[in-house]
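**Q** Can you keep this structure in mind? I'll have questions shortly.
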Amino acid sequence: MYRLIASDLDETLLDSNHRIPERVRAAVAAARERGVRFVPATGRPFNSVDGTLSDLGLLGEPGEYVLSFNGGVITENANAAHPLTSCELPDKTAEALYETGVERGLCVHVYTLEHVYLYNYLPVERAYIEGRMNIVETHERTLGFLEKTGEKVVKLLFMSTDMDELRALEAELATSGLTQGLDVVYSSNRYLEFNAPGINKGTGLLELARLLGIPRDQTMAIGDNSNDIPMLRAAGLGVAVANATDEAKAAAGYVCEAGNNAGGVAEAIERFVLSD
């Protein structure tokens with residue numbers, strides 16, 4: 001039996017209106033009644049998922065967890081102030097990436113444990129994420145402002161609705177050696193994400209399973225995009241929703257007939273947990 005289910009949020013658990021379909025809510029509740037832990041796994045910060053946790057009955061619950069920052073931070077829902085794990089990008093690398101994004105005129109997200117700073121907060125991005133994260137807009141052209149707060153960069157990303165632009169930039173940065181050793185992934189068909197070495201949803205899932213004493217073959221992961229692939233491969237069963245990218249589908253052991261709007265996460269739970 002699968003005892004630990006990790007699910008991506010955007011374009012996987014959540015529908016196009018950023019809500020949880022009723023079918024999914026019911027399936028998660030039924031799985032939890034059987035003792036299964038349901039763990040949101042997101043590239044976003046922990047404090048951005050309160051609404052989702054509340055809808056699932058997980059907000060503030062002891063013994064329930066979130067994988068945030070692409071698995072780099074594991075937090076027990078009842079103890080948000082003290083994450084079980086954390087991570088950070090090397091200072092010089094974060095600065096070089098940030099200045100590259102600024103020079104290219106990109107929308108840049110800088111994530112610390114405390115805040116999400118946005119440079120060049122474009123209207124199209126504002127419409128996409130406003131209300132889901134606590135954004136601090138910045139016009140600073142370097143990360144020197146973080147020296148005043150003492151914050152460390154946990155993750156940094158570039159946003160563009162032109163995926164070809166992002167893929168070309170990724171190749172350029174790799175050739176220059178700037179991203180050597182980093183975990184570099186895509187998400188939401190608009191983000192190029194830079195994570196610290198060894199930080200991905202797969203390592204996060206396996207570390208949480210270890211902490212809980214749950215064998216790998218009793219874990220399931222559900223996702224839709226590049227940043228989900230490590231956990232789809234790491235889990236005992238990797239599941240891709242129907243709207244997933246071709247790369248995510250190729251990494252999964254099962255591909256749902258339903259997409260995020262039709263409750264693909266529920267389909268996986270119904271088939272592999274509730275049918276026993």
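Ligands are numbered from 1 in the order shown, chains are lettered A, B, ... in the order of the structure tokens, and residues start at 1 in each chain.
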Per DSSP on the backbone, filter region 22-245 of chain A down to the residues in alpha helix (DSSP H) and report them as a PyMOL selection string.
**A** chain A and resi 22-33+50-56+91-103+123-129+145-149+163-176+201-212+229-234
**Q** So that I can see what lies close to Leu14 (chain A), please list as a list in words the residues with an atom at most 8 Å from it, counting only C-alpha atoms and leaving out residues fewer than 5 positions away in the same chain.
**A**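 In the requested format, the answer is Leu9, Arg19, Ile20, Pro21, Asn260 and Asn261 of chain A.
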**Q** Hey, which bits of region 81-108 of chain A sit within 7 Å of region 155-159 of chain A, and for each residue what's the closest pair of atoms and how far apart in Å (one decimal), counting only C-alpha atoms, rows by chain and increasing number, as a Markdown table?
**A**
```
| residue | atom | partner | partner_atom | distance |
| --- | --- | --- | --- | --- |
| A:Glu88 | CA | A:Lys155 | CA | 6.8 |
| A:Leu89 | CA | A:Lys155 | CA | 6.5 |
| A:Gly101 | CA | A:Phe158 | CA | 6.7 |
| A:Leu106 | CA | A:Phe158 | CA | 6.5 |
| A:Cys107 | CA | A:Met159 | CA | 5.2 |
| A:Val108 | CA | A:Phe158 | CA | 4.8 |
```
**Q** With C-alpha atoms retained, could you export that selection as an mmCIF file, in the first residue's frame?
**A**
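Listed below is the output, selection.cif:
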```cif
data_model
loop_
_atom_site.group_PDB
_atom_site.id
_atom_site.type_symbol
_atom_site.label_atom_id
_atom_site.label_comp_id
_atom_site.auth_asym_id
_atom_site.auth_seq_id
_atom_site.Cartn_x
_atom_site.Cartn_y
_atom_site.Cartn_z
ATOM 1 C CA GLU A 88 20.536 27.919 -0.139
ATOM 2 C CA LEU A 89 22.263 28.900 -3.357
ATOM 3 C CA GLY A 101 18.219 38.229 -15.374
ATOM 4 C CA LEU A 106 13.543 39.307 -17.420
ATOM 5 C CA CYS A 107 11.110 38.986 -14.568
ATOM 6 C CA VAL A 108 13.238 37.506 -11.767
#
```
**Q** For Glu114 (chain A), which residue out of A:Asn225, A:Thr142, A:Asn47, A:Ser187 is the nearest one, using only C-alpha atoms?
**A**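 With only C-alpha atoms as the atom set, the closest residue is A:Asn47.
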**Q** Please provide the set of residues having any atom within 6 Å of Thr138 (chain A), restricted to only C-alpha atoms, with same-chain residues fewer than 2 positions apart removed, written as a list in words.
**A**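 That gives Leu118, Tyr119 and Glu140 of chain A.
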**Q** Output all heavy atoms for every residue in the selection just made, as an mmCIF file, in the first residue's frame.
**A**
```cif
data_model
loop_
_atom_site.group_PDB
_atom_site.id
_atom_site.type_symbol
_atom_site.label_atom_id
_atom_site.label_comp_id
_atom_site.auth_asym_id
_atom_site.auth_seq_id
_atom_site.Cartn_x
_atom_site.Cartn_y
_atom_site.Cartn_z
ATOM 1 N N LEU A 118 10.538 40.168 -6.220
ATOM 2 C CA LEU A 118 10.367 40.143 -7.666
ATOM 3 C C LEU A 118 10.945 41.399 -8.301
ATOM 4 O O LEU A 118 10.591 42.524 -7.900
ATOM 5 C CB LEU A 118 8.895 40.023 -8.056
ATOM 6 C CG LEU A 118 8.477 38.623 -8.530
ATOM 7 C CD1 LEU A 118 8.384 37.675 -7.362
ATOM 8 C CD2 LEU A 118 7.168 38.693 -9.269
ATOM 9 N N TYR A 119 11.806 41.188 -9.259
ATOM 10 C CA TYR A 119 12.331 42.273 -10.078
ATOM 11 C C TYR A 119 11.609 42.253 -11.419
ATOM 12 O O TYR A 119 11.397 41.189 -11.994
ATOM 13 C CB TYR A 119 13.838 42.097 -10.294
ATOM 14 C CG TYR A 119 14.430 43.126 -11.238
ATOM 15 C CD1 TYR A 119 14.833 44.367 -10.758
ATOM 16 C CD2 TYR A 119 14.546 42.860 -12.603
ATOM 17 C CE1 TYR A 119 15.355 45.334 -11.618
ATOM 18 C CE2 TYR A 119 15.061 43.815 -13.474
ATOM 19 C CZ TYR A 119 15.466 45.050 -12.977
ATOM 20 O OH TYR A 119 15.967 45.987 -13.840
ATOM 21 N N GLU A 140 16.011 46.885 -7.298
ATOM 22 C CA GLU A 140 17.461 46.809 -7.112
ATOM 23 C C GLU A 140 18.080 45.963 -8.211
ATOM 24 O O GLU A 140 17.558 44.904 -8.570
ATOM 25 C CB GLU A 140 17.784 46.209 -5.745
ATOM 26 C CG GLU A 140 17.264 47.012 -4.568
ATOM 27 C CD GLU A 140 18.012 48.307 -4.361
ATOM 28 O OE1 GLU A 140 19.147 48.417 -4.871
ATOM 29 O OE2 GLU A 140 17.466 49.215 -3.697
#
```
**Q** Just list as a VMD selection string whatever in region 108-247 of chain A DSSP marks as strand (DSSP E or B).
**A** chain A and resid 108 to 111 116 to 119 130 133 135 to 138 155 to 159 183 to 187 191 to 195 219 to 223 237 to 240
**Q** Which residue, A:Ser86, A:Thr179, A:Ser275, A:Asn134, has the smallest gap to His109 (chain A) when you use only C-alpha atoms?
**A**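 Answer, going by the shortest atom-to-atom distance: A:Asn134.
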**Q** Go through region 45-128 of chain A and flag each residue having an atom no more than 12 Å from region 229-235 of chain A; for those, report the closest pair of atoms plus their distance in Å to one decimal, using only C-alpha atoms, ordered by chain and rising number, as a Markdown table.
**A**
```
| residue | atom | partner | partner_atom | distance |
| --- | --- | --- | --- | --- |
| A:Leu67 | CA | A:Met231 | CA | 11.1 |
| A:Asn70 | CA | A:Met231 | CA | 9.8 |
| A:Gly71 | CA | A:Met231 | CA | 9.1 |
```
**Q** Using only C-alpha atoms, can you tell me which of A:Gly177, A:Gly43, A:Gly150, A:Pro215 comes closest to Ile199 (chain A)?
**A** A:Gly43
**Q** Give me, as a PyMOL selection string, all polymer residues having an atom no more than 12 Å from Glu165 (chain A), counting only C-alpha atoms and skipping those fewer than 6 positions away in the same chain.
**A** chain A and resi 104+106+158-159+171-172+189-192
**Q** Could you write out the selected residues, including N, CA and C atoms, as a short mmCIF file (atom, residue, chain, number, x, y, z; two decimals), in the first residue's frame?
**A**
```cif
data_model
loop_
_atom_site.label_atom_id
_atom_site.label_comp_id
_atom_site.auth_asym_id
_atom_site.auth_seq_id
_atom_site.Cartn_x
_atom_site.Cartn_y
_atom_site.Cartn_z
N ARG A 104 19.06 41.00 -18.87
CA ARG A 104 18.23 40.54 -19.99
C ARG A 104 16.82 41.11 -19.94
N LEU A 106 14.50 40.34 -17.79
CA LEU A 106 13.54 39.31 -17.42
C LEU A 106 12.85 39.64 -16.10
N PHE A 158 13.87 32.62 -13.39
CA PHE A 158 13.53 33.57 -14.44
C PHE A 158 12.14 33.21 -14.96
N MET A 159 11.35 34.24 -15.23
CA MET A 159 10.02 34.01 -15.80
C MET A 159 9.95 34.58 -17.21
N ALA A 171 20.81 26.93 -21.97
CA ALA A 171 21.96 26.38 -22.68
C ALA A 171 23.15 27.33 -22.61
N GLU A 172 22.90 28.61 -22.74
CA GLU A 172 23.97 29.61 -22.67
C GLU A 172 24.63 29.62 -21.29
N ASN A 189 5.35 25.97 -17.39
CA ASN A 189 5.54 26.44 -18.77
C ASN A 189 5.82 27.94 -18.84
N ARG A 190 6.52 28.44 -17.78
CA ARG A 190 6.89 29.87 -17.77
C ARG A 190 8.11 30.15 -16.90
N TYR A 191 8.62 29.17 -16.19
CA TYR A 191 9.72 29.41 -15.26
C TYR A 191 10.94 28.55 -15.57
N LEU A 192 12.11 29.17 -15.45
CA LEU A 192 13.40 28.48 -15.46
C LEU A 192 13.95 28.63 -14.06
#
```
**Q** Let me make sure I understand: among A:Met133, A:Gly213, A:Val185, A:Val28, which one has the smallest atom-to-atom distance to Pro40 (chain A) if we use only C-alpha atoms?
**A**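 Checking each candidate against Pro40 (chain A), we get A:Val28 as the closest.
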**Q** Considering only C-alpha atoms, can you say which of A:Thr245, A:Thr203, A:Phe38, A:Phe272 comes closest to Arg216 (chain A)?
**A**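 Closest residue, counting only C-alpha atoms: A:Thr203.
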